[in-house]
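Q: Handing you this structure, nothing more for now.
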Amino acid sequence: MDHFVREYGSFPYSTFKLCFVDDAPQKVQASASITICSNNVLYPPEIIDFLCPTTRLLTVALTQQWISINIVPKKWSDLWLTIGLSHYMAGIFLKKLMGINEYRFRLKKAMERLCTEDIGQRPLADAKMDAPIPEPVMDFMTLKAPVVLFVLNQRLTKPANSTGLQKVITKILLDAFLRKCEKYGHMRLDAFANQYIFGTGLPRFQVSQRFNRKKMVIEVILKQLNMSQRPPRKLQNDTFVYDGIRYLDKEITAPVQQLFTVLEFLYFG
């Protein structure tokens, strides 16, 4: 709690309560000043396997008091931003709590999942989105939105005098989020938003190497693959029914971004 108060301003409510109940339909359900958790979240001290996922669940429940409960989306197409910011804030705290290597590992695993799942999906800011929102859509949004915000923060922190998303979050208005980012990052984000927020897919690369005998060096060749060369998304148990309904309804998918021009290379070594 102290970390979030220092970084993102005062707590929006007078108290914060955690309530654990039996047979709760969801593991964690956040509400104004209270979070209802299932007893399944609890674990004995001698079992450490659930330490990371449980800590993440409770941290996200706390950050949702700032973003998602106190600040709510104006439109359904803004839902990705409240979900993404609450998980992004939780990730920054967990990086300080568990270390940079754990943070990089979790981010890398999320990107690997995106490579296999972000095929034929809806854009994050889908203008056609309406209630009720299917659970697979919420799960995909929860996966992709924090990664997109991380990439956006990497771009915003390139100028020496920029604080990245840190200052934007403290003065957030959902309808002016991108304008605030442009103001504090001193750059235009139209291309970034069109490719990562209002578009679908993500860049894919083929990495190869060759030995240059003349220069006596190993050259690394990085080639971006066309989105038409992506492998098909495999059927999964959790999304099989949803994918079938989309197929039967002949849902029109968003236009595919063939090549990405806004790129951010990250090193996880």
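Labels used: A, B, ... for chains in the order of the structure tokens, numbers from 1 for residues in each chain, and numbers from 1 for ligands as shown.
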Can you pull out every residue within 12 Å of Arg6 in chain A, counting only C-alpha atoms, but drop anything in the same chain fewer than 3 positions away, and send it as a VMD selection string?
A: chain A and resid 1 to 3 9 to 11 93 166 170
Q: Please list as number ranges by chain every residue within 9 Å of Asn70 in chain A, counting only C-alpha atoms and excluding residues in the same chain fewer than 3 positions away.
A: A: 12-13, 32, 64-67
Q: List as a list in words the protein and nucleic acid residues near Glu117 in chain A, meaning an atom at most 10 Å away when only C-alpha atoms are counted, but skip any in the same chain fewer than 2 places from it.
A: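 Final neighbour list, sorted by chain and number: Met111, Glu112, Arg113, Leu114, Cys115, Ile119, Gly120, Gln121, Phe140, Leu143, Lys144, Gly201, Pro232, Arg233, Lys234, Leu235 and Gln236 of chain A.
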Q: What gap, in Å, lies between CA of Arg122 in chain A and CA of Arg204 in chain A?
A: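 Calculated distance between CA of Arg122 in chain A and CA of Arg204 in chain A is 18.1 Å.
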Q: Please provide as an NGL selection string all residues within 7 Å of Asn39 in chain A, with the sequence filter that same-chain residues fewer than 2 positions apart are discarded (counting only C-alpha atoms).
A: :A and (20-22 or 37 or 41-42)
Q: Mind dumping the selected residues with all heavy atoms as an mmCIF file, in the first residue's frame?
A:
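selection23.cif was written with the following content:
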data_model
loop_
_atom_site.group_PDB
_atom_site.id
_atom_site.type_symbol
_atom_site.label_atom_id
_atom_site.label_comp_id
_atom_site.auth_asym_id
_atom_site.auth_seq_id
_atom_site.Cartn_x
_atom_site.Cartn_y
_atom_site.Cartn_z
ATOM 1 N N PHE A 20 -12.132 -13.154 2.796
ATOM 2 C CA PHE A 20 -11.983 -14.497 2.232
ATOM 3 C C PHE A 20 -13.238 -15.308 2.556
ATOM 4 O O PHE A 20 -13.638 -15.407 3.721
ATOM 5 C CB PHE A 20 -10.745 -15.184 2.807
ATOM 6 C CG PHE A 20 -9.452 -14.547 2.382
ATOM 7 C CD1 PHE A 20 -8.904 -13.504 3.107
ATOM 8 C CD2 PHE A 20 -8.788 -14.981 1.244
ATOM 9 C CE1 PHE A 20 -7.715 -12.905 2.720
ATOM 10 C CE2 PHE A 20 -7.599 -14.397 0.848
ATOM 11 C CZ PHE A 20 -7.066 -13.365 1.582
ATOM 12 N N VAL A 21 -13.860 -15.873 1.521
ATOM 13 C CA VAL A 21 -15.107 -16.620 1.692
ATOM 14 C C VAL A 21 -14.966 -17.990 1.054
ATOM 15 O O VAL A 21 -14.110 -18.222 0.182
ATOM 16 C CB VAL A 21 -16.294 -15.857 1.053
ATOM 17 C CG1 VAL A 21 -16.491 -14.512 1.723
ATOM 18 C CG2 VAL A 21 -16.075 -15.672 -0.440
ATOM 19 N N ASP A 22 -15.822 -18.900 1.474
ATOM 20 C CA ASP A 22 -15.824 -20.260 0.928
ATOM 21 C C ASP A 22 -16.569 -20.288 -0.405
ATOM 22 O O ASP A 22 -17.602 -19.618 -0.574
ATOM 23 C CB ASP A 22 -16.497 -21.231 1.903
ATOM 24 C CG ASP A 22 -15.709 -21.378 3.199
ATOM 25 O OD1 ASP A 22 -14.470 -21.266 3.144
ATOM 26 O OD2 ASP A 22 -16.337 -21.580 4.261
ATOM 27 N N CYS A 37 -12.149 -12.528 -1.816
ATOM 28 C CA CYS A 37 -11.255 -13.577 -2.315
ATOM 29 C C CYS A 37 -11.781 -14.947 -1.936
ATOM 30 O O CYS A 37 -12.468 -15.112 -0.912
ATOM 31 C CB CYS A 37 -9.839 -13.403 -1.750
ATOM 32 S SG CYS A 37 -9.112 -11.775 -2.021
ATOM 33 N N VAL A 41 -7.333 -19.212 -2.407
ATOM 34 C CA VAL A 41 -6.144 -18.383 -2.566
ATOM 35 C C VAL A 41 -5.178 -18.585 -1.409
ATOM 36 O O VAL A 41 -3.960 -18.445 -1.563
ATOM 37 C CB VAL A 41 -6.559 -16.902 -2.689
ATOM 38 C CG1 VAL A 41 -5.349 -15.981 -2.720
ATOM 39 C CG2 VAL A 41 -7.409 -16.698 -3.937
ATOM 40 N N LEU A 42 -5.698 -18.932 -0.241
ATOM 41 C CA LEU A 42 -4.855 -19.125 0.936
ATOM 42 C C LEU A 42 -4.038 -20.407 0.806
ATOM 43 O O LEU A 42 -4.479 -21.391 0.213
ATOM 44 C CB LEU A 42 -5.716 -19.181 2.194
ATOM 45 C CG LEU A 42 -6.587 -17.941 2.475
ATOM 46 C CD1 LEU A 42 -7.474 -18.190 3.681
ATOM 47 C CD2 LEU A 42 -5.711 -16.718 2.698
#
Q: Pick out the closest residue to Arg188 in chain A from this set: A:Ile169, A:Leu51, A:Met227, A:Leu152. Count only C-alpha atoms.
A: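 Smallest separation from Arg188 in chain A among the options: A:Leu152.
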Q: Among range 56-256 of chain A, which ones does DSSP place in strand (DSSP E or B), written as a ChimeraX atom specification?
A: /A:67,71,200,205-212,217-224,256
Q: Based on the selection just made, write N, CA and C atoms of those residues as a PDB file, in the first residue's frame.
A:
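The new file again16.pdb reads:
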ATOM      1  N   ILE A  67      -7.188   2.068 -10.452  1.00  0.00           N
ATOM      2  CA  ILE A  67      -7.604   1.961 -11.847  1.00  0.00           C
ATOM      3  C   ILE A  67      -8.528   0.754 -11.988  1.00  0.00           C
ATOM      4  N   ILE A  71     -11.354   4.772 -11.093  1.00  0.00           N
ATOM      5  CA  ILE A  71     -11.389   5.256 -12.475  1.00  0.00           C
ATOM      6  C   ILE A  71     -11.915   4.130 -13.353  1.00  0.00           C
ATOM      7  N   THR A 200      -4.420  -5.585 -34.927  1.00  0.00           N
ATOM      8  CA  THR A 200      -4.240  -6.927 -34.370  1.00  0.00           C
ATOM      9  C   THR A 200      -2.871  -7.464 -34.744  1.00  0.00           C
ATOM     10  N   PHE A 205       9.782 -12.185 -36.012  1.00  0.00           N
ATOM     11  CA  PHE A 205      11.107 -12.043 -36.617  1.00  0.00           C
ATOM     12  C   PHE A 205      11.743 -13.404 -36.812  1.00  0.00           C
ATOM     13  N   GLN A 206      12.585 -13.468 -37.836  1.00  0.00           N
ATOM     14  CA  GLN A 206      13.417 -14.648 -38.081  1.00  0.00           C
ATOM     15  C   GLN A 206      14.873 -14.229 -37.899  1.00  0.00           C
ATOM     16  N   VAL A 207      15.555 -14.895 -37.012  1.00  0.00           N
ATOM     17  CA  VAL A 207      16.934 -14.545 -36.689  1.00  0.00           C
ATOM     18  C   VAL A 207      17.859 -15.632 -37.240  1.00  0.00           C
ATOM     19  N   SER A 208      18.856 -15.215 -37.985  1.00  0.00           N
ATOM     20  CA  SER A 208      19.852 -16.145 -38.512  1.00  0.00           C
ATOM     21  C   SER A 208      21.239 -15.516 -38.368  1.00  0.00           C
ATOM     22  N   GLN A 209      22.246 -16.314 -38.607  1.00  0.00           N
ATOM     23  CA  GLN A 209      23.617 -15.812 -38.467  1.00  0.00           C
ATOM     24  C   GLN A 209      24.488 -16.412 -39.567  1.00  0.00           C
ATOM     25  N   ARG A 210      25.556 -15.692 -39.862  1.00  0.00           N
ATOM     26  CA  ARG A 210      26.525 -16.173 -40.838  1.00  0.00           C
ATOM     27  C   ARG A 210      27.894 -15.607 -40.471  1.00  0.00           C
ATOM     28  N   PHE A 211      28.913 -16.341 -40.858  1.00  0.00           N
ATOM     29  CA  PHE A 211      30.284 -15.920 -40.550  1.00  0.00           C
ATOM     30  C   PHE A 211      30.869 -15.168 -41.739  1.00  0.00           C
ATOM     31  N   ASN A 212      31.279 -13.932 -41.495  1.00  0.00           N
ATOM     32  CA  ASN A 212      31.903 -13.102 -42.528  1.00  0.00           C
ATOM     33  C   ASN A 212      33.412 -13.314 -42.469  1.00  0.00           C
ATOM     34  N   VAL A 217      33.988 -11.736 -38.474  1.00  0.00           N
ATOM     35  CA  VAL A 217      32.949 -11.501 -37.461  1.00  0.00           C
ATOM     36  C   VAL A 217      31.741 -12.361 -37.798  1.00  0.00           C
ATOM     37  N   ILE A 218      30.914 -12.587 -36.794  1.00  0.00           N
ATOM     38  CA  ILE A 218      29.647 -13.289 -36.997  1.00  0.00           C
ATOM     39  C   ILE A 218      28.550 -12.245 -37.152  1.00  0.00           C
ATOM     40  N   GLU A 219      27.874 -12.257 -38.280  1.00  0.00           N
ATOM     41  CA  GLU A 219      26.810 -11.304 -38.551  1.00  0.00           C
ATOM     42  C   GLU A 219      25.459 -11.918 -38.194  1.00  0.00           C
ATOM     43  N   VAL A 220      24.667 -11.171 -37.459  1.00  0.00           N
ATOM     44  CA  VAL A 220      23.323 -11.594 -37.087  1.00  0.00           C
ATOM     45  C   VAL A 220      22.327 -10.914 -38.016  1.00  0.00           C
ATOM     46  N   ILE A 221      21.477 -11.693 -38.652  1.00  0.00           N
ATOM     47  CA  ILE A 221      20.502 -11.192 -39.615  1.00  0.00           C
ATOM     48  C   ILE A 221      19.116 -11.271 -38.975  1.00  0.00           C
ATOM     49  N   LEU A 222      18.450 -10.146 -38.884  1.00  0.00           N
ATOM     50  CA  LEU A 222      17.116 -10.051 -38.282  1.00  0.00           C
ATOM     51  C   LEU A 222      16.131  -9.654 -39.371  1.00  0.00           C
ATOM     52  N   LYS A 223      15.164 -10.528 -39.644  1.00  0.00           N
ATOM     53  CA  LYS A 223      14.208 -10.310 -40.719  1.00  0.00           C
ATOM     54  C   LYS A 223      12.796 -10.388 -40.164  1.00  0.00           C
ATOM     55  N   GLN A 224      12.001  -9.331 -40.435  1.00  0.00           N
ATOM     56  CA  GLN A 224      10.607  -9.356 -40.003  1.00  0.00           C
ATOM     57  C   GLN A 224       9.783 -10.168 -40.994  1.00  0.00           C
ATOM     58  N   VAL A 256      -5.579  -7.355 -40.872  1.00  0.00           N
ATOM     59  CA  VAL A 256      -4.304  -7.810 -40.337  1.00  0.00           C
ATOM     60  C   VAL A 256      -3.189  -6.846 -40.738  1.00  0.00           C
TER      61      VAL A 256
END
Q: Interatomic distance between CA of Asn101 in chain A and CA of Thr54 in chain A?
A: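 Taking CA of Asn101 in chain A and CA of Thr54 in chain A, their separation equals 18.5 Å.
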